[in-house]
>>> print(open('run20.cif').read())   # mmCIF, C-alpha atoms
data_work
#
loop_
_atom_site.label_atom_id
_atom_site.label_comp_id
_atom_site.auth_asym_id
_atom_site.auth_seq_id
_atom_site.Cartn_x
_atom_site.Cartn_y
_atom_site.Cartn_z
CA MET A 1 -19.18 24.20 41.64
CA LYS A 2 -19.82 24.75 45.34
CA ASN A 3 -23.14 26.41 44.47
CA ARG A 4 -24.23 23.37 42.45
CA PHE A 5 -23.43 20.91 45.24
CA LEU A 6 -25.19 23.17 47.73
CA ALA A 7 -28.33 23.30 45.59
CA LEU A 8 -28.41 19.51 45.24
CA ALA A 9 -27.96 19.12 48.98
CA VAL A 10 -30.87 21.47 49.67
CA VAL A 11 -33.14 19.53 47.29
CA ALA A 12 -32.09 16.21 48.82
CA LEU A 13 -32.84 17.42 52.33
CA PHE A 14 -36.10 19.18 51.48
CA ALA A 15 -38.25 16.13 50.68
CA PRO A 16 -37.68 14.14 53.90
CA ALA A 17 -38.04 17.31 55.95
CA ALA A 18 -41.39 18.07 54.32
CA LYS A 19 -42.50 14.47 54.86
CA ALA A 20 -41.69 14.69 58.55
CA PHE A 21 -43.56 18.01 58.78
CA ALA A 22 -46.62 16.48 57.14
CA SER A 23 -46.70 13.45 59.45
CA GLU A 24 -46.59 15.40 62.70
CA PRO A 25 -49.55 17.65 63.64
CA ALA A 26 -48.78 21.07 65.11
CA ASP A 27 -51.18 20.35 67.98
CA ALA A 28 -53.99 18.00 68.93
CA SER A 29 -56.68 20.11 67.24
CA ALA A 30 -54.88 20.86 63.97
CA LYS A 31 -53.80 18.06 61.69
CA ILE A 32 -51.76 18.53 58.54
CA GLU A 33 -52.47 15.90 55.94
CA LYS A 34 -49.65 14.20 54.10
CA PRO A 35 -49.05 15.82 50.71
CA SER A 36 -49.90 13.69 47.69
CA HIS A 37 -46.89 14.75 45.67
CA PHE A 38 -43.93 16.98 45.12
CA LYS A 39 -43.42 18.02 41.53
CA PHE A 40 -39.91 18.66 40.25
CA TYR A 41 -39.72 20.45 36.93
CA GLY A 42 -37.31 22.35 34.74
CA PHE A 43 -35.54 22.36 31.43
CA ILE A 44 -32.16 22.37 29.75
CA ARG A 45 -32.13 25.20 27.23
CA ASN A 46 -29.47 26.17 24.72
CA TYR A 47 -29.62 29.48 22.86
CA PHE A 48 -27.74 30.36 19.65
CA ALA A 49 -27.78 34.08 18.88
CA PHE A 50 -26.44 36.24 16.04
CA ASP A 51 -26.67 40.05 16.07
CA SER A 52 -25.88 42.33 13.16
CA ARG A 53 -24.61 45.19 15.40
CA GLU A 54 -23.54 46.05 18.95
CA SER A 55 -26.50 46.17 21.31
CA LYS A 56 -27.45 46.75 24.92
CA SER A 57 -28.02 43.33 26.45
CA GLY A 58 -27.41 41.25 29.56
CA THR A 59 -26.86 37.64 30.68
CA LYS A 60 -23.96 37.15 28.27
CA ASP A 61 -25.88 39.07 25.57
CA LEU A 62 -28.86 36.66 25.63
CA PHE A 63 -31.21 39.13 27.39
CA TYR A 64 -31.69 41.63 24.57
CA TYR A 65 -32.76 45.28 24.90
CA ILE A 66 -31.91 47.61 22.02
CA PRO A 67 -29.28 48.31 19.36
CA LYS A 68 -26.74 50.97 20.31
CA ASP A 69 -26.65 54.34 18.59
CA GLU A 70 -24.15 55.19 15.87
CA ALA A 71 -20.59 55.78 17.06
CA LEU A 72 -18.74 57.38 14.15
CA ASN A 73 -14.95 57.58 14.07
CA ALA A 74 -12.84 60.11 12.20
CA LYS A 75 -13.35 58.16 8.96
CA GLY A 76 -17.13 58.20 9.36
CA GLU A 77 -17.25 54.49 10.17
CA ASP A 78 -19.88 53.29 12.61
CA MET A 79 -17.91 51.51 15.34
CA ASN A 80 -21.07 49.82 16.61
CA ALA A 81 -21.82 48.17 13.27
CA ASN A 82 -20.15 44.92 14.32
CA PRO A 83 -21.82 41.48 14.05
CA THR A 84 -21.58 39.11 17.03
CA PHE A 85 -22.40 35.45 17.76
CA ARG A 86 -22.67 33.24 20.84
CA PHE A 87 -24.31 30.02 22.11
CA LEU A 88 -24.86 29.18 25.77
CA ALA A 89 -26.90 26.94 28.09
CA ILE A 90 -26.78 29.17 31.20
CA THR A 91 -30.55 29.78 31.22
CA SER A 92 -31.31 26.14 32.13
CA ARG A 93 -33.72 25.93 35.05
CA VAL A 94 -34.93 23.67 37.86
CA GLY A 95 -37.84 24.09 40.26
CA LEU A 96 -40.01 22.36 42.82
CA ASP A 97 -43.76 22.73 43.38
CA VAL A 98 -45.22 21.60 46.70
CA LYS A 99 -48.97 20.93 46.63
CA ASP A 100 -51.86 19.37 48.55
CA TYR A 101 -51.08 20.42 52.09
CA GLN A 102 -54.17 20.99 54.21
CA PHE A 103 -54.17 22.76 57.57
CA GLY A 104 -57.74 22.79 58.75
CA LYS A 105 -59.63 24.69 56.04
CA THR A 106 -56.45 26.30 54.72
CA LYS A 107 -54.76 24.93 51.59
CA VAL A 108 -51.00 25.39 51.68
CA GLY A 109 -48.51 25.22 48.81
CA ALA A 110 -45.07 26.46 47.88
CA LYS A 111 -42.66 26.96 44.99
CA ILE A 112 -38.90 27.33 44.76
CA GLU A 113 -37.17 27.91 41.43
CA THR A 114 -33.61 28.65 40.33
CA ASP A 115 -31.55 28.95 37.18
CA PHE A 116 -28.05 29.95 36.17
CA TYR A 117 -26.83 33.49 35.71
CA CYS A 118 -23.49 35.01 34.73
CA MET A 119 -22.68 37.38 37.58
CA ASN A 120 -18.93 36.76 37.89
CA GLY A 121 -17.42 37.17 34.47
CA ASN A 122 -17.74 33.89 32.57
CA VAL A 123 -18.75 31.78 35.57
CA ALA A 124 -22.39 30.64 35.63
CA VAL A 125 -23.81 30.71 39.17
CA LEU A 126 -27.19 29.73 40.59
CA ARG A 127 -29.64 32.50 41.43
CA LEU A 128 -33.06 32.61 43.04
CA ARG A 129 -35.93 33.15 40.59
CA GLN A 130 -38.99 32.39 42.66
CA ALA A 131 -39.55 31.26 46.25
CA TYR A 132 -42.96 31.68 47.83
CA ALA A 133 -45.66 30.04 49.93
CA THR A 134 -49.38 30.14 49.13
CA PHE A 135 -52.44 29.92 51.35
CA GLY A 136 -55.96 29.37 50.02
CA TRP A 137 -59.50 29.39 51.37
CA ASP A 138 -62.49 28.13 49.36
CA GLY A 139 -66.23 28.25 49.93
CA LEU A 140 -66.38 31.86 51.10
CA GLY A 141 -69.33 34.22 50.80
CA LYS A 142 -73.05 33.56 51.34
CA ASP A 143 -73.26 31.47 48.18
CA GLY A 144 -70.03 29.61 48.97
CA LYS A 145 -68.62 30.44 45.53
CA GLN A 146 -65.96 32.91 46.61
CA SER A 147 -62.33 32.13 47.41
CA THR A 148 -59.19 33.90 48.61
CA SER A 149 -55.51 33.12 48.13
CA LEU A 150 -52.43 34.72 49.65
CA LYS A 151 -48.91 34.59 48.20
CA ILE A 152 -45.87 35.46 50.33
CA GLY A 153 -42.34 35.39 48.91
CA GLN A 154 -40.58 36.17 45.65
CA ALA A 155 -42.62 35.85 42.46
CA TRP A 156 -43.34 37.60 39.19
CA HIS A 157 -44.32 41.25 39.48
CA PRO A 158 -48.07 41.36 38.62
CA ILE A 159 -47.50 43.79 35.74
CA ALA A 160 -44.79 41.53 34.26
CA ALA A 161 -46.56 38.17 34.69
CA ASP A 162 -48.56 38.25 31.42
CA GLN A 163 -46.02 37.81 28.63
CA PRO A 164 -46.05 37.76 24.80
CA TYR A 165 -45.60 34.59 22.74
CA VAL A 166 -41.86 34.65 22.06
CA ILE A 167 -38.96 32.29 22.80
CA ASP A 168 -36.35 34.93 23.64
CA LEU A 169 -34.97 35.16 27.17
CA GLU A 170 -36.24 38.72 27.74
CA THR A 171 -39.87 37.69 27.00
CA GLY A 172 -40.58 40.88 25.06
CA THR A 173 -38.70 43.37 27.25
CA PRO A 174 -38.67 46.43 27.08
CA PHE A 175 -42.17 46.33 25.55
CA ASN A 176 -43.29 44.19 28.45
CA PRO A 177 -42.15 44.90 32.03
CA PHE A 178 -39.77 42.30 33.46
CA SER A 179 -39.36 41.81 37.21
CA ARG A 180 -39.55 39.17 39.91
CA THR A 181 -39.89 40.67 43.38
CA PRO A 182 -40.46 39.93 47.06
CA GLN A 183 -44.17 40.47 47.67
CA VAL A 184 -47.27 39.86 49.76
CA MET A 185 -50.14 39.52 47.27
CA LEU A 186 -53.80 38.75 47.94
CA ASP A 187 -56.31 37.49 45.34
CA HIS A 188 -60.03 37.42 46.11
CA ASN A 189 -62.30 35.66 43.61
CA PHE A 190 -65.83 37.05 43.82
CA SER A 191 -66.86 34.40 41.28
CA LYS A 192 -65.21 32.31 38.60
CA ASN A 193 -65.22 35.45 36.43
CA PHE A 194 -64.00 38.32 38.65
CA THR A 195 -60.82 38.55 40.75
CA LEU A 196 -59.55 41.49 42.80
CA THR A 197 -55.79 41.56 43.44
CA GLY A 198 -53.88 43.80 45.85
CA GLY A 199 -50.64 43.71 47.75
CA PHE A 200 -47.25 45.10 48.61
CA ILE A 201 -43.95 44.66 46.77
CA TRP A 202 -40.31 45.18 47.67
CA GLN A 203 -37.20 45.44 45.48
CA MET A 204 -34.29 43.02 45.17
CA GLN A 205 -32.77 42.34 41.74
CA TYR A 206 -34.78 44.90 39.75
CA LEU A 207 -34.12 48.29 41.31
CA SER A 208 -34.93 51.96 41.16
CA VAL A 209 -32.14 54.34 40.13
CA GLY A 210 -31.16 57.59 41.77
CA PRO A 211 -28.38 60.02 42.74
CA SER A 212 -25.34 58.51 44.44
CA TYR A 213 -22.65 60.97 45.55
CA ASN A 214 -19.13 60.18 44.29
CA LYS A 215 -16.65 61.79 46.70
CA ASP A 216 -13.70 61.30 44.37
CA LYS A 217 -15.44 63.16 41.53
CA SER A 218 -17.36 65.54 43.86
CA LYS A 219 -20.62 64.96 42.02
CA TYR A 220 -23.76 62.83 41.98
CA GLU A 221 -23.92 59.87 39.62
CA SER A 222 -26.79 57.63 38.60
CA LYS A 223 -26.88 54.31 40.46
CA ALA A 224 -29.34 51.44 40.83
CA SER A 225 -29.93 50.54 44.47
CA ASP A 226 -32.54 49.26 46.92
CA ASP A 227 -31.54 52.09 49.29
CA TYR A 228 -34.09 54.43 47.70
CA ILE A 229 -37.04 52.25 48.70
CA LYS A 230 -35.39 51.20 51.98
CA TYR A 231 -34.99 54.77 53.24
CA GLY A 232 -38.39 55.66 51.79
CA CYS A 233 -39.87 53.10 54.24
CA THR A 234 -42.82 52.61 51.85
CA PRO A 235 -43.43 49.35 49.98
CA GLU A 236 -44.48 49.44 46.35
CA PHE A 237 -48.25 48.94 46.03
CA TYR A 238 -50.19 47.05 43.35
CA ALA A 239 -53.94 46.80 42.74
CA GLY A 240 -55.75 45.17 39.84
CA VAL A 241 -58.99 43.58 38.62
CA THR A 242 -59.22 40.52 36.37
CA PHE A 243 -62.19 39.34 34.31
CA LYS A 244 -62.29 35.86 32.77
CA SER A 245 -65.15 34.91 30.49
CA ASN A 246 -66.43 31.42 29.78
CA ASN A 247 -65.26 31.52 26.15
CA GLY A 248 -61.49 32.05 26.54
CA PHE A 249 -61.21 35.82 27.08
CA THR A 250 -59.17 37.35 29.90
CA GLY A 251 -59.03 41.07 30.64
CA ARG A 252 -56.96 42.78 33.30
CA VAL A 253 -56.45 46.36 34.47
CA GLY A 254 -54.16 47.47 37.26
CA MET A 255 -51.72 50.03 38.54
CA ASP A 256 -48.37 50.14 40.30
CA VAL A 257 -47.61 52.88 42.87
CA LEU A 258 -44.04 53.52 44.03
CA SER A 259 -42.77 56.14 46.50
CA ILE A 260 -39.00 56.38 47.12
CA LYS A 261 -36.43 58.74 48.64
CA PRO A 262 -33.69 59.43 46.07
CA ARG A 263 -31.64 61.18 48.80
CA TRP A 264 -31.87 61.01 52.59
CA ARG A 265 -28.69 63.05 53.14
CA ASN A 266 -26.83 65.53 50.95
CA SER A 267 -23.16 65.69 49.93
CA ASP A 268 -22.30 67.46 53.21
CA GLY A 269 -23.87 64.73 55.29
CA ASP A 270 -26.92 66.80 56.31
CA LYS A 271 -30.34 65.17 56.35
CA VAL A 272 -32.69 66.04 53.48
CA ASP A 273 -36.27 65.04 52.76
CA ASP A 274 -36.42 64.09 49.08
CA ARG A 275 -39.25 61.96 47.69
CA ILE A 276 -40.82 61.03 44.37
CA THR A 277 -44.07 59.09 43.96
CA THR A 278 -45.07 57.53 40.64
CA VAL A 279 -48.16 55.73 39.33
CA SER A 280 -48.01 53.30 36.38
CA PRO A 281 -51.33 51.89 35.07
CA TYR A 282 -51.71 49.13 32.49
CA VAL A 283 -54.29 47.17 30.50
CA TYR A 284 -54.00 43.54 29.36
CA ALA A 285 -56.22 41.36 27.17
CA GLN A 286 -55.99 37.76 25.99
CA TYR A 287 -58.11 35.37 23.95
CA SER A 288 -57.37 31.70 23.44
CA LYS A 289 -59.28 28.86 21.82
CA ASP A 290 -57.95 25.42 20.90
CA SER A 291 -54.50 25.96 19.33
CA PHE A 292 -54.92 29.71 18.73
CA ALA A 293 -54.06 32.49 21.19
CA VAL A 294 -53.63 36.27 20.97
CA ASN A 295 -52.70 38.73 23.71
CA ALA A 296 -51.83 42.42 24.07
CA LYS A 297 -50.71 44.83 26.76
CA VAL A 298 -50.28 48.59 27.13
CA VAL A 299 -48.33 50.12 30.03
CA TYR A 300 -48.16 53.85 30.79
CA ALA A 301 -45.01 54.03 32.89
CA SER A 302 -44.02 56.89 35.15
CA ALA A 303 -40.33 56.19 35.60
CA GLY A 304 -40.70 52.37 35.68
CA GLU A 305 -37.00 51.49 35.66
CA HIS A 306 -37.68 49.23 38.67
CA PHE A 307 -39.46 46.79 36.34
CA ASN A 308 -37.02 47.10 33.47
CA MET A 309 -38.67 49.91 31.55
CA LEU A 310 -36.12 52.11 29.78
CA SER A 311 -37.08 55.23 31.70
CA GLY A 312 -36.38 57.16 34.92
CA TYR A 313 -36.82 60.61 36.44
CA GLY A 314 -35.06 63.97 36.74
CA VAL A 315 -34.48 66.86 39.14
CA THR A 316 -36.91 69.78 38.76
CA ASP A 317 -35.97 72.11 41.64
CA VAL A 318 -33.30 72.62 44.28
CA ASN A 319 -35.05 73.97 47.38
CA SER A 320 -33.74 76.39 49.99
CA ASP A 321 -33.75 73.65 52.67
CA GLY A 322 -31.39 71.55 50.53
CA SER A 323 -34.00 69.07 49.31
CA TRP A 324 -34.65 68.33 45.64
CA ASP A 325 -37.92 67.94 43.74
CA TYR A 326 -38.32 65.42 40.92
CA ALA A 327 -40.50 64.60 37.93
CA PRO A 328 -40.79 61.18 36.23
CA LEU A 329 -40.07 60.53 32.60
CA HIS A 330 -43.28 59.10 31.12
CA SER A 331 -43.33 56.39 28.48
CA THR A 332 -45.68 53.95 26.83
CA ALA A 333 -44.81 50.32 26.15
CA SER A 334 -47.09 47.98 24.26
CA TYR A 335 -47.13 44.70 22.39
CA LEU A 336 -49.45 42.50 20.35
CA SER A 337 -48.61 38.83 19.94
CA VAL A 338 -50.23 35.74 18.42
CA LYS A 339 -49.64 32.00 18.53
CA TYR A 340 -51.06 29.14 16.48
CA GLY A 341 -50.42 25.41 16.48
CA ARG A 342 -49.30 22.72 18.88
CA LYS A 343 -46.67 20.41 17.39
CA LEU A 344 -45.66 23.05 14.87
CA GLN A 345 -46.22 26.49 16.38
CA VAL A 346 -46.12 29.73 14.44
CA GLN A 347 -46.05 32.82 16.62
CA GLY A 348 -44.84 36.39 16.72
CA MET A 349 -44.87 39.78 18.42
CA ILE A 350 -45.02 43.43 17.41
CA GLY A 351 -43.79 45.82 20.12
CA HIS A 352 -43.54 49.59 20.42
CA MET A 353 -42.05 51.78 23.15
CA LYS A 354 -42.14 55.60 23.18
CA ASN A 355 -40.45 58.05 25.56
CA LEU A 356 -42.87 60.90 26.22
CA GLY A 357 -40.64 63.00 28.47
CA THR A 358 -41.55 64.82 31.67
CA SER A 359 -44.73 66.75 32.39
CA LYS A 360 -42.71 69.40 34.31
CA SER A 361 -39.59 71.31 33.30
CA LEU A 362 -36.33 70.01 34.73
CA TYR A 363 -33.64 71.97 36.59
CA GLU A 364 -31.94 74.21 34.04
CA ASP A 365 -28.16 74.25 33.69
CA PRO A 366 -27.08 77.88 34.32
CA ALA A 367 -24.27 77.53 31.77
CA ASN A 368 -26.61 76.10 29.09
CA PRO A 369 -30.06 77.77 29.18
CA GLY A 370 -32.83 75.49 27.91
CA TYR A 371 -30.91 72.33 28.80
CA THR A 372 -30.21 70.19 31.84
CA SER A 373 -27.24 67.92 32.42
CA THR A 374 -27.77 64.17 32.13
CA ASP A 375 -26.21 64.02 35.62
CA ASN A 376 -29.58 65.33 36.85
CA VAL A 377 -31.63 62.69 34.99
CA TYR A 378 -31.55 59.17 36.44
CA ILE A 379 -32.51 56.43 34.00
CA SER A 380 -32.30 52.66 33.65
CA GLY A 381 -28.76 51.41 33.08
CA ASN A 382 -30.09 49.56 30.03
CA GLY A 383 -31.34 52.73 28.34
CA PHE A 384 -29.90 55.94 26.91
CA HIS A 385 -30.76 59.59 27.52
CA ASN A 386 -31.14 60.27 23.79
CA LEU A 387 -33.44 57.29 23.13
CA ASN A 388 -36.77 58.38 21.62
CA GLN A 389 -38.65 55.21 20.64
CA ILE A 390 -38.25 51.53 19.76
CA ILE A 391 -40.04 49.14 17.40
CA ARG A 392 -39.62 45.35 17.34
CA VAL A 393 -41.02 42.55 15.15
CA THR A 394 -40.33 38.90 16.03
CA PRO A 395 -41.67 36.13 13.76
CA THR A 396 -41.05 32.73 15.39
CA VAL A 397 -41.38 29.04 14.55
CA VAL A 398 -41.29 26.29 17.21
CA TYR A 399 -41.32 22.54 16.52
CA ASN A 400 -42.30 20.36 19.48
CA LEU A 401 -41.41 16.67 19.74
CA GLY A 402 -42.83 15.75 23.11
CA LYS A 403 -40.49 17.21 25.71
CA LEU A 404 -38.00 18.34 23.07
CA SER A 405 -38.48 21.71 21.33
CA PHE A 406 -36.64 23.46 18.51
CA GLY A 407 -37.21 27.16 17.97
CA LEU A 408 -36.09 29.77 15.46
CA GLU A 409 -36.84 33.48 15.91
CA TYR A 410 -36.01 36.47 13.73
CA ASP A 411 -35.87 39.63 15.85
CA ILE A 412 -35.83 42.99 14.06
CA THR A 413 -35.38 45.86 16.54
CA SER A 414 -35.13 49.49 15.46
CA ALA A 415 -34.31 52.30 17.90
CA GLN A 416 -34.74 56.00 17.22
CA TYR A 417 -32.12 58.26 18.77
CA GLY A 418 -31.70 62.02 18.85
CA LYS A 419 -28.42 63.92 18.50
CA TYR A 420 -27.30 66.08 21.43
CA ASP A 421 -27.33 69.83 20.77
CA VAL A 422 -25.13 70.20 23.87
CA ALA A 423 -22.96 67.24 24.90
CA LYS A 424 -24.50 65.19 27.73
CA HIS A 425 -27.46 67.57 28.05
CA VAL A 426 -31.18 67.01 27.42
CA ASN A 427 -33.95 69.56 26.88
CA SER A 428 -34.94 71.01 30.23
CA SER A 429 -38.55 71.39 29.04
CA ASN A 430 -39.19 67.65 28.68
CA GLY A 431 -36.01 65.68 29.49
CA LEU A 432 -35.64 64.44 25.90
CA VAL A 433 -33.16 64.69 23.05
CA ASP A 434 -35.66 65.08 20.21
CA GLY A 435 -33.66 66.84 17.49
CA ASP A 436 -31.98 65.24 14.43
CA LEU A 437 -33.83 61.97 15.01
CA HIS A 438 -32.44 58.90 13.26
CA TRP A 439 -32.98 55.15 13.32
CA VAL A 440 -30.56 52.26 13.86
CA THR A 441 -31.59 48.63 13.35
CA ASN A 442 -30.33 45.30 14.62
CA HIS A 443 -31.16 41.95 13.06
CA ARG A 444 -31.05 39.09 15.56
CA LEU A 445 -31.36 35.44 14.58
CA LEU A 446 -32.09 33.31 17.64
CA GLY A 447 -32.08 29.53 17.72
CA MET A 448 -33.23 27.42 20.65
CA VAL A 449 -32.96 23.75 21.64
CA LYS A 450 -34.89 22.93 24.80
CA PHE A 451 -35.55 19.70 26.72
CA THR A 452 -38.26 19.96 29.37
CA PHE A 453 -38.60 17.61 32.30
#
>>> encode(input="run20.cif", output="structure tokens")
Amino acid sequence: MKNRFLALAVVALFAPAAKAFASEPADASAKIEKPSHFKFYGFIRNYFAFDSRESKSGTKDLFYYIPKDEALNAKGEDMNANPTFRFLAITSRVGLDVKDYQFGKTKVGAKIETDFYCMNGNVAVLRLRQAYATFGWDGLGKDGKQSTSLKIGQAWHPIAADQPYVIDLETGTPFNPFSRTPQVMLDHNFSKNFTLTGGFIWQMQYLSVGPSYNKDKSKYESKASDDYIKYGCTPEFYAGVTFKSNNGFTGRVGMDVLSIKPRWRNSDGDKVDDRITTVSPYVYAQYSKDSFAVNAKVVYASAGEHFNMLSGYGVTDVNSDGSWDYAPLHSTASYLSVKYGRKLQVQGMIGHMKNLGTSKSLYEDPANPGYTSTDNVYISGNGFHNLNQIIRVTPTVVYNLGKLSFGLEYDITSAQYGKYDVAKHVNSSNGLVDGDLHWVTNHRLLGMVKFTF
């Protein structure tokens, strides 16, 4: 309750403060014009979700990942074959766009956006989604047709920003990366068709995983933390190129580069110099005309757990100086989605994710030749070491009545798991469990009622 009152107070105070800022120039030579408008926006959204079996999911089971593997008891019954149901409004959202500031030749804007999130049991609390300022310059270049814009703050990760046509909360995850991050991102438009994007990214909510030493158990355990990038002292880097045609086609290619220090001291407290650097390229394409749209994306992720890919990395060598070497688990994630209609929309997505394993052999367990312990492989907390691949199909119908929308989505997600030859051990050659492969399937029926304002 305190968080809600605090948010309302901030909104109430923001408008007059911005008005005062606009009316007073910073100095005699620089005048800031009064903004023409502030735009409040948001929606109240209720989800109704049924699942046919236990699954890995977040945000009170609304953010869906994958069905869990079989868990057979002594009678041969699958303990994860349990249906569940829930309906909640915690994903309702409110935001504010600030536009039409002018400081000399610089256009200035801003956005702040929040929604609810269950972080303390069954209590819904406000969280920050986006908060950034933008600066723009037009009329650049000899022909005056170039422009540049700069974004500073928290916004969608560039690889996650283009999303499939679905109504679910996870927007196609894990077939589409999902992350909002602190960033400094620059776009330069060479023309109305070509844009070059580059910038630096930090981590906040969506984190890398790595080894965290547990003194009580005298061993390293996998943990998500921003310490790995903090002690690495190297921001994540993104670069991409976008092409937009005059007939509705958009194409984009880019890559994400991340360099972190999984350990900066060992279990004895001595300094070590660990580091792993990964590169994750992707390709995106979209075509839209009138009420029809189709888009697709393919990501080749090296690790990638920092943008919600179900992957990670493992230890390859223990060096004489106490440092460790690492190799990323590679994976591909892709989707194809279509949408047609306005008042009555028919849409859907087909997604596929495949774990490809490591390109180098991992550190071999002396007691189990040919295998390495899962304690030496650090993966996303939403994935599993024996996960091989995932397929999802989501046919969707949305009926729009002005600002009111009703949606119904049928989500069929199948996950392929392997059976461990040695308990809690993966193949040291590739970091996978790829024997005795079998599929498990979850059927999710998702309903949505949404009022947009």
>>> closest_atom_pairs(input="run20.cif", of="segment 123-242 of chain A", to="segment 273-288 of chain A", cutoff="8 Å", atoms="all atoms listed in the file", output="CSV")
residue,atom,partner,partner_atom,distance
A:Ile159,CA,A:Tyr282,CA,7.5
A:Asp162,CA,A:Tyr284,CA,7.9
A:Gly232,CA,A:Arg275,CA,7.6
>>> resolve_selection(input="run20.cif", expression="the PyMOL selection byres ((chain A and resi 79) around 12)", output="list in words")
Arg53, Glu54, Ser55, Lys68, Asp69, Glu70, Ala71, Leu72, Asn73, Ala74, Lys75, Gly76, Glu77, Asp78, Asn80, Ala81, Asn82 and Pro83 of chain A
>>> resolve_selection(input="run20.cif", expression="the PyMOL selection byres ((chain A and resi 106) around 8)", output="number ranges by chain")
A: 102-105, 107-108, 135-137
>>> residues_around(input="run20.cif", residues="segment 176-179 of chain A", least_positions_apart="5", cutoff="6 Å", atoms="only C-alpha atoms", output="mmCIF file with C-alpha atoms, keeping the file's coordinate frame")
data_model
loop_
_atom_site.group_PDB
_atom_site.id
_atom_site.type_symbol
_atom_site.label_atom_id
_atom_site.label_comp_id
_atom_site.auth_asym_id
_atom_site.auth_seq_id
_atom_site.Cartn_x
_atom_site.Cartn_y
_atom_site.Cartn_z
ATOM 1 C CA HIS A 157 -44.320 41.250 39.480
ATOM 2 C CA ALA A 160 -44.790 41.530 34.260
ATOM 3 C CA PHE A 307 -39.460 46.790 36.340
ATOM 4 C CA ASN A 308 -37.020 47.100 33.470
#
>>> residues_around(input="run20.cif", residues="segment 234-243 of chain A", least_positions_apart="5", cutoff="10 Å", atoms="all atoms listed in the file", output="MDAnalysis selection string")
chainID A and resid 157:159 183:189 191:203 228:229 249:261 277:285
>>> closest_residue(input="run20.cif", among="A:Pro262, A:Gly172, A:Gly210, A:Gly447", to="Ile391 of chain A", atoms="all atoms listed in the file")
A:Gly172
>>> resolve_selection(input="run20.cif", expression="the PyMOL selection byres ((chain A and resi 220) around 10)", output="PDB file with C-alpha atoms, in the frame of the given file")
ATOM      1  CA  GLY A 210     -31.160  57.590  41.770  1.00  0.00           C
ATOM      2  CA  PRO A 211     -28.380  60.020  42.740  1.00  0.00           C
ATOM      3  CA  SER A 212     -25.340  58.510  44.440  1.00  0.00           C
ATOM      4  CA  TYR A 213     -22.650  60.970  45.550  1.00  0.00           C
ATOM      5  CA  ASN A 214     -19.130  60.180  44.290  1.00  0.00           C
ATOM      6  CA  LYS A 215     -16.650  61.790  46.700  1.00  0.00           C
ATOM      7  CA  LYS A 217     -15.440  63.160  41.530  1.00  0.00           C
ATOM      8  CA  SER A 218     -17.360  65.540  43.860  1.00  0.00           C
ATOM      9  CA  LYS A 219     -20.620  64.960  42.020  1.00  0.00           C
ATOM     10  CA  GLU A 221     -23.920  59.870  39.620  1.00  0.00           C
ATOM     11  CA  SER A 222     -26.790  57.630  38.600  1.00  0.00           C
ATOM     12  CA  LYS A 223     -26.880  54.310  40.460  1.00  0.00           C
ATOM     13  CA  ASN A 266     -26.830  65.530  50.950  1.00  0.00           C
ATOM     14  CA  SER A 267     -23.160  65.690  49.930  1.00  0.00           C
ATOM     15  CA  ASP A 375     -26.210  64.020  35.620  1.00  0.00           C
ATOM     16  CA  ASN A 376     -29.580  65.330  36.850  1.00  0.00           C
TER      17      ASN A 376
END
>>> closest_residue(input="run20.cif", among="A:Phe406, A:Tyr420, A:Phe175, A:Tyr64", to="Arg45 of chain A", atoms="all atoms listed in the file")
A:Phe406
